[in-house]
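entry.txt follows; it contains compact mmCIF, C-alpha atoms and all ligand atoms.
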# COMPACT_ATOMS: atom_id res chain seq x y z
CA MET A 68 -0.13 5.18 2.12
CA LEU A 69 -1.55 2.02 0.48
CA ARG A 70 -0.41 0.00 3.48
CA ARG A 71 -2.25 2.35 5.86
CA THR A 72 -5.40 2.26 3.72
CA LEU A 73 -5.42 -1.54 3.62
CA LEU A 74 -4.80 -1.80 7.35
CA ALA A 75 -7.67 0.63 7.96
CA LEU A 76 -9.87 -1.48 5.65
CA SER A 77 -8.93 -4.58 7.63
CA ARG A 78 -11.27 -3.16 10.30
CA SER A 79 -14.13 -2.49 7.86
CA GLU A 80 -17.13 -4.72 8.54
CA GLN A 81 -18.74 -3.66 5.23
CA LEU A 82 -15.78 -4.68 3.07
CA LYS A 83 -15.33 -7.82 5.14
CA ARG A 84 -18.90 -8.90 4.32
CA ALA A 85 -18.39 -8.15 0.62
CA VAL A 86 -15.06 -9.98 0.30
CA ALA A 87 -16.03 -12.93 2.46
CA THR A 88 -19.09 -13.75 0.35
CA LEU A 89 -17.28 -13.66 -2.98
CA PRO A 90 -16.61 -17.19 -4.14
CA VAL A 91 -13.45 -16.07 -5.95
CA SER A 92 -11.87 -15.00 -2.74
CA SER A 93 -10.92 -18.60 -2.08
CA SER A 94 -8.27 -18.59 -4.82
CA VAL A 95 -6.67 -15.46 -3.37
CA VAL A 96 -7.03 -16.61 0.19
CA ALA A 97 -5.71 -20.12 -0.52
CA ARG A 98 -2.19 -18.76 -0.93
CA TYR A 99 -2.14 -17.72 2.72
CA VAL A 100 -4.76 -19.94 4.39
CA PRO A 101 -4.79 -23.71 3.71
CA GLY A 102 -8.43 -24.22 4.73
CA GLU A 103 -11.30 -23.48 7.05
CA ALA A 104 -11.82 -26.78 8.92
CA THR A 105 -9.74 -28.48 11.61
CA GLU A 106 -9.09 -31.40 9.24
CA ASP A 107 -7.73 -29.00 6.57
CA ALA A 108 -5.30 -27.54 9.09
CA VAL A 109 -4.16 -30.91 10.43
CA SER A 110 -3.66 -32.28 6.93
CA ALA A 111 -1.67 -29.20 5.79
CA ALA A 112 0.40 -29.41 9.01
CA ALA A 113 1.12 -33.09 8.30
CA ASP A 114 2.42 -32.19 4.82
CA LEU A 115 4.79 -29.58 6.25
CA VAL A 116 6.04 -31.84 9.04
CA LYS A 117 6.74 -34.52 6.40
CA GLN A 118 8.94 -31.95 4.64
CA GLY A 119 10.96 -31.45 7.84
CA LEU A 120 9.26 -28.19 8.89
CA ALA A 121 7.67 -27.31 12.22
CA VAL A 122 4.29 -25.57 12.41
CA SER A 123 2.36 -23.10 14.52
CA LEU A 124 -1.39 -23.22 13.88
CA ASP A 125 -3.51 -20.14 14.36
CA HIS A 126 -7.28 -20.55 14.58
CA LEU A 127 -8.36 -17.36 12.81
CA GLY A 128 -10.46 -14.92 14.77
CA GLU A 129 -9.85 -11.64 16.56
CA ASP A 130 -11.85 -8.86 18.19
CA THR A 131 -14.18 -11.31 19.92
CA LEU A 132 -17.33 -9.50 21.02
CA ASP A 133 -18.89 -11.85 23.58
CA ARG A 134 -18.20 -14.73 25.95
CA ALA A 135 -19.78 -17.32 23.64
CA GLN A 136 -17.44 -16.37 20.80
CA ALA A 137 -14.46 -16.57 23.17
CA ASP A 138 -15.58 -20.01 24.38
CA ALA A 139 -15.95 -21.16 20.77
CA ALA A 140 -12.38 -20.06 20.04
CA VAL A 141 -11.11 -22.03 23.05
CA ALA A 142 -13.09 -25.09 21.90
CA ALA A 143 -11.54 -24.82 18.43
CA TYR A 144 -8.04 -24.83 19.93
CA VAL A 145 -8.84 -27.75 22.23
CA GLU A 146 -10.17 -29.68 19.22
CA VAL A 147 -7.19 -28.97 16.95
CA LEU A 148 -4.67 -29.76 19.71
CA ALA A 149 -6.27 -33.17 20.29
CA ALA A 150 -6.33 -33.80 16.53
CA LEU A 151 -2.64 -32.86 16.18
CA SER A 152 -1.74 -35.21 19.02
CA ASP A 153 -3.84 -38.05 17.53
CA ALA A 154 -2.09 -37.53 14.19
CA GLY A 155 1.33 -37.76 15.88
CA LEU A 156 2.18 -34.18 14.91
CA THR A 157 3.10 -32.86 18.36
CA PRO A 158 5.49 -31.44 19.44
CA ASN A 159 6.41 -30.41 15.86
CA ALA A 160 3.11 -28.56 15.70
CA GLU A 161 2.25 -25.94 18.31
CA VAL A 162 -0.46 -23.26 18.32
CA SER A 163 -0.45 -19.45 18.21
CA VAL A 164 -3.25 -17.63 20.02
CA LYS A 165 -4.52 -14.06 19.72
CA LEU A 166 -5.77 -12.97 23.12
CA SER A 167 -8.40 -10.76 21.47
CA ALA A 168 -9.95 -13.96 20.11
CA VAL A 169 -10.39 -15.37 23.61
CA GLY A 170 -11.89 -12.30 25.28
CA GLN A 171 -9.15 -9.69 25.94
CA ALA A 172 -11.26 -6.86 24.51
CA LEU A 173 -14.46 -7.71 26.40
CA PRO A 174 -15.60 -4.83 28.57
CA GLY A 175 -15.00 -5.03 32.31
CA ASP A 176 -12.88 -8.07 33.02
CA GLY A 177 -11.48 -8.84 29.54
CA ASP A 178 -7.98 -9.40 30.91
CA ARG A 179 -9.16 -12.01 33.39
CA ILE A 180 -11.34 -13.78 30.82
CA ALA A 181 -8.47 -13.87 28.33
CA LEU A 182 -6.11 -15.20 31.02
CA ASP A 183 -8.54 -17.97 32.05
CA ASN A 184 -9.15 -18.93 28.44
CA ALA A 185 -5.45 -18.85 27.53
CA ARG A 186 -4.81 -21.07 30.54
CA ARG A 187 -7.36 -23.61 29.23
CA ILE A 188 -5.58 -23.64 25.86
CA CYS A 189 -2.14 -23.97 27.49
CA GLN A 190 -3.43 -26.94 29.51
CA ALA A 191 -4.86 -28.57 26.36
CA ALA A 192 -1.51 -27.99 24.64
CA ALA A 193 0.37 -29.55 27.57
CA ASN A 194 -1.99 -32.56 27.45
CA ALA A 195 -1.27 -32.85 23.72
CA GLY A 196 2.50 -32.65 24.29
CA THR A 197 3.03 -29.21 22.82
CA VAL A 198 3.02 -25.48 23.62
CA VAL A 199 1.34 -22.14 22.92
CA THR A 200 2.70 -18.83 21.62
CA LEU A 201 0.71 -15.66 22.34
CA ASP A 202 0.51 -13.54 19.18
CA MET A 203 0.95 -9.78 19.64
CA GLU A 204 -1.74 -7.43 18.33
CA ASP A 205 -1.93 -3.63 18.20
CA HIS A 206 0.01 -1.53 20.73
CA THR A 207 -2.99 -0.89 22.98
CA THR A 208 -2.84 -4.57 23.94
CA THR A 209 0.92 -4.95 24.51
CA ASP A 210 0.95 -4.36 28.28
CA SER A 211 -2.06 -6.59 28.85
CA THR A 212 -0.60 -9.38 26.68
CA LEU A 213 2.76 -9.27 28.47
CA ARG A 214 0.97 -9.25 31.85
CA ILE A 215 -1.02 -12.34 30.85
CA LEU A 216 2.17 -14.01 29.58
CA GLY A 217 3.74 -13.34 32.99
CA ARG A 218 0.77 -15.00 34.72
CA LEU A 219 0.89 -18.07 32.44
CA ARG A 220 4.61 -18.78 32.52
CA PRO A 221 4.88 -20.00 36.16
CA ASP A 222 2.58 -22.92 35.21
CA PHE A 223 3.44 -23.15 31.49
CA PRO A 224 7.06 -21.93 31.20
CA ASP A 225 7.31 -22.72 27.48
CA THR A 226 4.57 -20.26 26.54
CA GLY A 227 6.02 -18.11 23.76
CA ALA A 228 5.89 -14.31 23.52
CA VAL A 229 5.83 -12.13 20.40
CA LEU A 230 7.54 -8.74 20.21
CA GLN A 231 7.31 -6.27 17.30
CA SER A 232 10.37 -4.28 16.24
CA TYR A 233 8.28 -1.36 14.93
CA LEU A 234 7.38 -0.42 18.50
CA LYS A 235 9.85 1.93 20.17
CA ARG A 236 9.48 0.09 23.49
CA THR A 237 10.48 -3.31 22.11
CA GLU A 238 14.24 -3.23 22.71
CA GLY A 239 13.46 -2.84 26.44
CA ASP A 240 10.87 -5.65 26.30
CA CYS A 241 13.50 -7.88 24.64
CA ARG A 242 15.85 -7.21 27.56
CA ASP A 243 13.10 -8.12 30.04
CA LEU A 244 12.29 -11.35 28.22
CA ALA A 245 15.81 -12.58 27.37
CA TYR A 246 16.01 -14.97 30.32
CA ALA A 247 16.67 -18.72 30.37
CA GLY A 248 13.86 -20.77 28.85
CA SER A 249 12.01 -17.73 27.48
CA ARG A 250 10.73 -18.30 23.95
CA VAL A 251 10.43 -14.98 22.10
CA ARG A 252 9.27 -14.53 18.52
CA LEU A 253 10.58 -11.29 17.03
CA CYS A 254 8.64 -9.86 14.07
CA LYS A 255 8.46 -6.41 12.46
CA GLY A 256 4.78 -5.85 13.32
CA ALA A 257 1.68 -5.84 11.15
CA TYR A 258 -0.73 -3.20 12.52
CA ASN A 259 -1.40 0.45 11.79
CA GLU A 260 0.47 2.21 14.59
CA PRO A 261 0.91 5.94 15.34
CA ALA A 262 4.30 7.71 15.26
CA SER A 263 4.03 8.31 19.01
CA VAL A 264 4.71 4.63 19.69
CA ALA A 265 6.09 3.12 16.48
CA PHE A 266 8.82 3.75 13.91
CA GLN A 267 7.17 4.76 10.64
CA ASP A 268 10.12 4.35 8.32
CA LYS A 269 10.79 0.79 7.05
CA HIS A 270 14.53 1.24 7.45
CA GLU A 271 14.12 2.32 11.06
CA VAL A 272 11.95 -0.74 11.72
CA ASP A 273 14.71 -2.95 10.24
CA LEU A 274 17.40 -1.25 12.34
CA SER A 275 15.27 -1.76 15.43
CA TYR A 276 14.82 -5.44 14.44
CA VAL A 277 18.61 -5.89 14.40
CA ARG A 278 19.05 -4.15 17.77
CA CYS A 279 16.30 -6.32 19.31
CA LEU A 280 17.67 -9.50 17.77
CA LYS A 281 21.12 -8.71 19.18
CA VAL A 282 19.59 -8.52 22.67
CA LEU A 283 17.75 -11.82 22.21
CA MET A 284 20.71 -13.66 20.66
CA GLN A 285 23.06 -12.41 23.42
CA GLY A 286 20.53 -13.34 26.10
CA LYS A 287 19.70 -16.71 27.61
CA GLY A 288 16.29 -17.31 26.03
CA TYR A 289 15.21 -19.00 22.80
CA PRO A 290 14.89 -16.47 19.92
CA MET A 291 12.38 -17.15 17.16
CA VAL A 292 13.32 -15.10 14.09
CA ALA A 293 10.00 -14.38 12.36
CA SER A 294 10.78 -12.66 9.06
CA HIS A 295 10.96 -13.32 5.34
CA ASP A 296 13.46 -10.51 4.86
CA PRO A 297 16.63 -12.00 3.31
CA ARG A 298 18.88 -9.39 4.93
CA LEU A 299 17.48 -10.02 8.41
CA ILE A 300 17.74 -13.78 7.92
CA ALA A 301 21.43 -13.40 7.01
CA ILE A 302 22.01 -11.12 10.01
CA ALA A 303 20.28 -13.64 12.29
CA ALA A 304 22.62 -16.38 11.08
CA ARG A 305 25.65 -14.16 11.78
CA LEU A 306 24.41 -13.12 15.23
CA ALA A 307 23.68 -16.74 16.15
CA GLU A 308 27.21 -17.72 15.18
CA GLU A 309 28.78 -14.79 17.04
CA ASN A 310 26.87 -15.79 20.16
CA GLY A 311 27.73 -19.48 19.96
CA ARG A 312 24.19 -20.58 19.15
CA ALA A 313 23.90 -23.85 17.25
CA ALA A 314 20.96 -24.72 14.96
CA GLY A 315 18.76 -25.95 17.83
CA ASP A 316 19.35 -22.87 20.01
CA PHE A 317 17.07 -20.58 17.99
CA GLU A 318 14.60 -20.97 15.13
CA TYR A 319 13.36 -19.27 11.99
CA GLN A 320 9.66 -18.67 11.43
CA MET A 321 7.76 -17.69 8.28
CA LEU A 322 4.15 -17.45 7.23
CA PHE A 323 2.37 -20.20 5.30
CA GLY A 324 2.63 -19.51 1.57
CA ILE A 325 5.44 -16.93 1.76
CA ARG A 326 8.94 -17.88 0.51
CA PRO A 327 8.34 -21.66 0.77
CA ASN A 328 11.63 -22.41 -1.03
CA GLU A 329 13.56 -20.41 1.54
CA GLN A 330 11.72 -22.24 4.33
CA GLN A 331 12.83 -25.55 2.82
CA ARG A 332 16.41 -24.37 2.21
CA LEU A 333 16.88 -23.36 5.86
CA ALA A 334 15.31 -26.63 7.08
CA ASP A 335 17.56 -28.64 4.74
CA ASP A 336 20.52 -26.79 6.30
CA GLY A 337 19.51 -28.30 9.66
CA HIS A 338 17.65 -25.32 11.15
CA THR A 339 14.29 -25.45 12.89
CA VAL A 340 11.89 -23.59 10.60
CA ARG A 341 8.38 -23.08 11.86
CA VAL A 342 5.60 -22.22 9.45
CA TYR A 343 2.81 -20.08 10.91
CA MET A 344 -0.37 -21.53 9.50
CA PRO A 345 -3.70 -19.75 9.95
CA TYR A 346 -6.93 -21.64 9.33
CA GLY A 347 -10.65 -21.04 9.84
CA VAL A 348 -13.44 -18.93 8.41
CA GLU A 349 -12.37 -15.59 9.91
CA TRP A 350 -9.57 -14.99 7.40
CA TYR A 351 -10.48 -11.44 6.37
CA GLY A 352 -8.33 -9.37 8.81
CA TYR A 353 -5.36 -11.70 8.29
CA LEU A 354 -5.63 -11.49 4.50
CA MET A 355 -5.79 -7.68 4.56
CA ARG A 356 -2.63 -7.50 6.70
CA ARG A 357 -0.81 -9.77 4.21
CA LEU A 358 -1.99 -7.63 1.27
CA ALA A 359 -0.78 -4.50 3.08
CA GLU A 360 2.71 -5.99 3.23
CA ARG A 361 2.98 -6.31 -0.54
CA PRO A 362 1.41 -3.93 -3.04
CA ALA A 363 1.92 -6.50 -5.84
CA ASN A 364 -0.54 -8.77 -4.03
CA VAL A 365 -3.22 -6.07 -4.14
CA ALA A 366 -3.18 -5.96 -7.95
CA PHE A 367 -3.48 -9.77 -8.00
CA PHE A 368 -6.34 -9.63 -5.51
CA VAL A 369 -8.31 -6.94 -7.41
CA ARG A 370 -7.75 -8.71 -10.76
CA SER A 371 -9.09 -11.98 -9.44
CA LEU A 372 -12.14 -10.31 -7.90
CA LEU A 373 -12.97 -8.52 -11.16
CA SER A 374 -12.34 -11.49 -13.44
CA LYS A 375 -14.84 -13.73 -11.59
CA ARG A 376 -17.68 -11.23 -11.30
P1 LIG B 1 9.00 -7.44 4.84
O1 LIG B 1 7.56 -7.08 4.96
O2 LIG B 1 9.99 -6.36 4.62
O3 LIG B 1 9.12 -8.55 3.73
C1 LIG B 1 10.37 -9.08 3.29
C2 LIG B 1 10.12 -9.93 2.05
O4 LIG B 1 9.28 -11.02 2.37
C3 LIG B 1 9.36 -9.22 0.94
O5 LIG B 1 10.23 -8.47 0.12
C4 LIG B 1 8.69 -10.36 0.22
O6 LIG B 1 9.62 -11.04 -0.59
C5 LIG B 1 8.34 -11.28 1.35
N1 LIG B 1 6.98 -11.01 1.88
C6 LIG B 1 6.69 -10.41 3.05
N2 LIG B 1 5.35 -10.34 3.23
C7 LIG B 1 4.80 -10.89 2.14
C8 LIG B 1 3.45 -11.11 1.73
N3 LIG B 1 2.42 -10.77 2.50
N4 LIG B 1 3.22 -11.71 0.55
C9 LIG B 1 4.26 -12.09 -0.24
N5 LIG B 1 5.57 -11.91 0.09
C10 LIG B 1 5.83 -11.32 1.26
N6 LIG B 1 2.90 -9.53 13.27
C11 LIG B 1 2.33 -9.04 14.40
O7 LIG B 1 2.09 -7.82 14.48
N7 LIG B 1 2.02 -9.89 15.43
C12 LIG B 1 2.30 -11.22 15.40
O8 LIG B 1 2.00 -11.93 16.36
C13 LIG B 1 2.92 -11.73 14.23
N8 LIG B 1 3.21 -13.06 14.12
C14 LIG B 1 3.99 -13.49 13.06
C15 LIG B 1 4.45 -14.80 13.02
C16 LIG B 1 5.31 -15.20 12.00
C17 LIG B 1 5.83 -16.59 12.01
C18 LIG B 1 5.70 -14.27 10.99
C19 LIG B 1 6.65 -14.68 9.90
C20 LIG B 1 5.19 -13.02 10.99
C21 LIG B 1 4.33 -12.60 12.01
N9 LIG B 1 3.82 -11.31 12.02
C22 LIG B 1 3.20 -10.85 13.17
C23 LIG B 1 3.87 -10.46 10.80
C24 LIG B 1 5.10 -9.57 10.79
O9 LIG B 1 4.98 -8.58 11.76
C25 LIG B 1 5.29 -8.89 9.42
O10 LIG B 1 4.18 -8.12 9.14
C26 LIG B 1 5.50 -9.86 8.26
O11 LIG B 1 6.28 -10.95 8.66
C27 LIG B 1 6.23 -9.16 7.10
O12 LIG B 1 7.49 -8.71 7.53
P2 LIG B 1 8.89 -9.32 7.05
O13 LIG B 1 9.78 -9.38 8.24
O14 LIG B 1 8.70 -10.59 6.35
O15 LIG B 1 9.52 -8.18 6.15
Give the structure from this file in structure tokens form.
Ligand code: FDA
Amino acid sequence: MLRRTLLALSRSEQLKRAVATLPVSSSVVARYVPGEATEDAVSAAADLVKQGLAVSLDHLGEDTLDRAQADAAVAAYVEVLAALSDAGLTPNAEVSVKLSAVGQALPGDGDRIALDNARRICQAAANAGTVVTLDMEDHTTTDSTLRILGRLRPDFPDTGAVLQSYLKRTEGDCRDLAYAGSRVRLCKGAYNEPASVAFQDKHEVDLSYVRCLKVLMQGKGYPMVASHDPRLIAIAARLAEENGRAAGDFEYQMLFGIRPNEQQRLADDGHTVRVYMPYGVEWYGYLMRRLAERPANVAFFVRSLLSKR
């Protein structure tokens, strides 16, 4: 119930304005977002790479409303990719892109605009010696995102996909994408989805995650296990072993600020661990999705807002 309320509020422009202008928000946000500027992101990425971790940077922004905003998002990616390359952080650092940030939702030819813009980012990533992963958003965008992925891969075969185990369709999508060279990040899913398309029960989402992971681990692609769930991490290790996958044949992924000790432990064991690191001023929707995942965080958030008023 609380999760649904928070996810609904993540779309509230009114609350967004209120939270974003509160100076205190920075202390709450800082746990999940290392900074707003390109330099903040590059410096935080450098710290993680020094610790033996890999990184995927996400320039925050979604639900882009016009072409200018989409172009600005592309420019931000081009800038950060050049900065990562200059700092010697590629290929350890890659980028994650939300297609809604680069025009997918624009009326008329949103798909084409998003494809053209994603192509520009993929080219900038290739020039910088790294790759792009396309984040997955709510279920109304899944077909379009997979279509765009299919159009990008002939030219940029390393472009990563994201699939969400809460969607009932995902086991089939895993089968379609488990081919040689295909990078697939599997996560549980972070949006408010109806029962017609998504499992509602946490346990069912976990069971689906295991079924999907089995398909990816048995397949020929490169699975990216995006979860902080200790049980799923243990199952991933077992499935990798059963399928003869060594440390470099799959990777773990976690969000910046969540279970950092576990991130380090897995990396120290020789695994590739990629930290998803969002940065930028548009942190509101991302923060609300993280709060929705953990009721304890909501109490912390409300307390810090009230204490600084
Ligand atoms: P679960 O939510 O069950 O959490 C397991 C444990 O992790 C918790 O008990 C707690 O210890 C810790 N934890 C989890 N969330 C926390 C939080 N917010 N604060 C503190 N502790 C927390 N989703 C999506 O829809 N599209 C996408 O493209 C992506 N991309 C993505 C990339 C990466 C690298 C990750 C790790 C995740 C995503 N996600 C995503 C988000 C994902 O769908 C999911 O919402 C979160 O990862 C939480 O799910 P867990 O698998 O961690 O399990």
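Residues in contact with ligand LIG 1 (chain B) comprise Asp202, Met203, Glu204, Val229, Cys254, Lys255, Gly256, Ala257, Tyr258, Ala293, Ser294, His295, Asp296, Gln320, Met321, Leu322, Ile325, Tyr343, Arg357, Leu358, Glu360 and Arg361 of chain A, where contact means an atom-to-atom distance of at most 6 Å counting all atoms listed in the file.
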Selection to disk with C-alpha atoms, as a PDB file, keeping the file's coordinate frame:
ATOM      1  CA  ASP A 202       0.510 -13.540  19.180  1.00  0.00           C
ATOM      2  CA  MET A 203       0.950  -9.780  19.640  1.00  0.00           C
ATOM      3  CA  GLU A 204      -1.740  -7.430  18.330  1.00  0.00           C
ATOM      4  CA  VAL A 229       5.830 -12.130  20.400  1.00  0.00           C
ATOM      5  CA  CYS A 254       8.640  -9.860  14.070  1.00  0.00           C
ATOM      6  CA  LYS A 255       8.460  -6.410  12.460  1.00  0.00           C
ATOM      7  CA  GLY A 256       4.780  -5.850  13.320  1.00  0.00           C
ATOM      8  CA  ALA A 257       1.680  -5.840  11.150  1.00  0.00           C
ATOM      9  CA  TYR A 258      -0.730  -3.200  12.520  1.00  0.00           C
ATOM     10  CA  ALA A 293      10.000 -14.380  12.360  1.00  0.00           C
ATOM     11  CA  SER A 294      10.780 -12.660   9.060  1.00  0.00           C
ATOM     12  CA  HIS A 295      10.960 -13.320   5.340  1.00  0.00           C
ATOM     13  CA  ASP A 296      13.460 -10.510   4.860  1.00  0.00           C
ATOM     14  CA  GLN A 320       9.660 -18.670  11.430  1.00  0.00           C
ATOM     15  CA  MET A 321       7.760 -17.690   8.280  1.00  0.00           C
ATOM     16  CA  LEU A 322       4.150 -17.450   7.230  1.00  0.00           C
ATOM     17  CA  ILE A 325       5.440 -16.930   1.760  1.00  0.00           C
ATOM     18  CA  TYR A 343       2.810 -20.080  10.910  1.00  0.00           C
ATOM     19  CA  ARG A 357      -0.810  -9.770   4.210  1.00  0.00           C
ATOM     20  CA  LEU A 358      -1.990  -7.630   1.270  1.00  0.00           C
ATOM     21  CA  GLU A 360       2.710  -5.990   3.230  1.00  0.00           C
ATOM     22  CA  ARG A 361       2.980  -6.310  -0.540  1.00  0.00           C
TER      23      ARG A 361
END
ask   = Using only C-alpha atoms, which of A:Ala193, A:Arg220, A:Asp183, A:Ile188 sits nearest Thr157 in chain A?
value = A:Ala193
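Minimum atom-to-atom distances from A:Gln231, A:Asp130, A:Ala137, A:Asn184 to Glu80 in chain A were compared using only C-alpha atoms, and the lowest value belongs to A:Asp130.
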task = Between A:Ser167, A:Ser79, A:Ser123, A:Gln190, single out the one closest to Tyr319 in chain A, counting all atoms listed in the file.
result = A:Ser123
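Between CA of Glu146 in chain A and CA of Glu106 in chain A there is a distance of 10.2 Å.
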remark   = The residue from A:Ala172, A:Ala228, A:Gly324, A:Leu151 with the smallest atom-to-atom distance to Arg252 in chain A, counting all atoms listed in the file, is A:Ala228
task = List every protein, DNA or RNA residue that has an atom no more than 12 Å from (-2.7, -20.5, 10.3) in the file's coordinate frame, counting only C-alpha atoms, and report them as a PyMOL selection string.
result = chain A and resi 96-105+107-109+111-112+122-128+144+147+160-165+202+321-324+341-350+353-354
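Here CA of Leu213 in chain A and CA of Ala313 in chain A stand 28.0 Å from one another.
For the pair CA of Gln331 in chain A and CA of Leu156 in chain A, the interatomic distance is 18.3 Å.
Each of A:Ala181, A:Leu230, A:Ala154, A:Leu274 was checked against Gln136 in chain A using only C-alpha atoms; the smallest atom-to-atom distance is that of A:Ala181.
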Would you kindly return, as a PDB file with C-alpha atoms, in the coordinates of the input, each protein, DNA or RNA residue with an atom no farther than 9 Å from any atom of Arg179 in chain A, considering only C-alpha atoms and excluding same-chain residues fewer than 6 positions away?
ATOM      1  CA  GLY A 170     -11.890 -12.300  25.280  1.00  0.00           C
ATOM      2  CA  GLN A 171      -9.150  -9.690  25.940  1.00  0.00           C
ATOM      3  CA  ILE A 215      -1.020 -12.340  30.850  1.00  0.00           C
TER       4      ILE A 215
END
Spatial neighbours of Gly227 in chain A, max dist 7 Å, only C-alpha atoms, sep filter under 5 positions, as a ChimeraX atom specification = /A:199-201,250-251
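Minimum atom-to-atom distances from A:Ser211, A:Gln267, A:Thr339, A:Asn194 to Gly119 in chain A were compared using all atoms listed in the file, and the lowest value belongs to A:Thr339.
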Spatial neighbours of Leu73 in chain A, max dist 8 Å, all atoms listed in the file, sep filter under 5 positions, as a PDB file with C-alpha atoms, keeping the file's coordinate frame:
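Output below, filename selection_26.pdb:
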ATOM      1  CA  MET A 355      -5.790  -7.680   4.560  1.00  0.00           C
ATOM      2  CA  ARG A 356      -2.630  -7.500   6.700  1.00  0.00           C
ATOM      3  CA  LEU A 358      -1.990  -7.630   1.270  1.00  0.00           C
ATOM      4  CA  ALA A 359      -0.780  -4.500   3.080  1.00  0.00           C
TER       5      ALA A 359
END
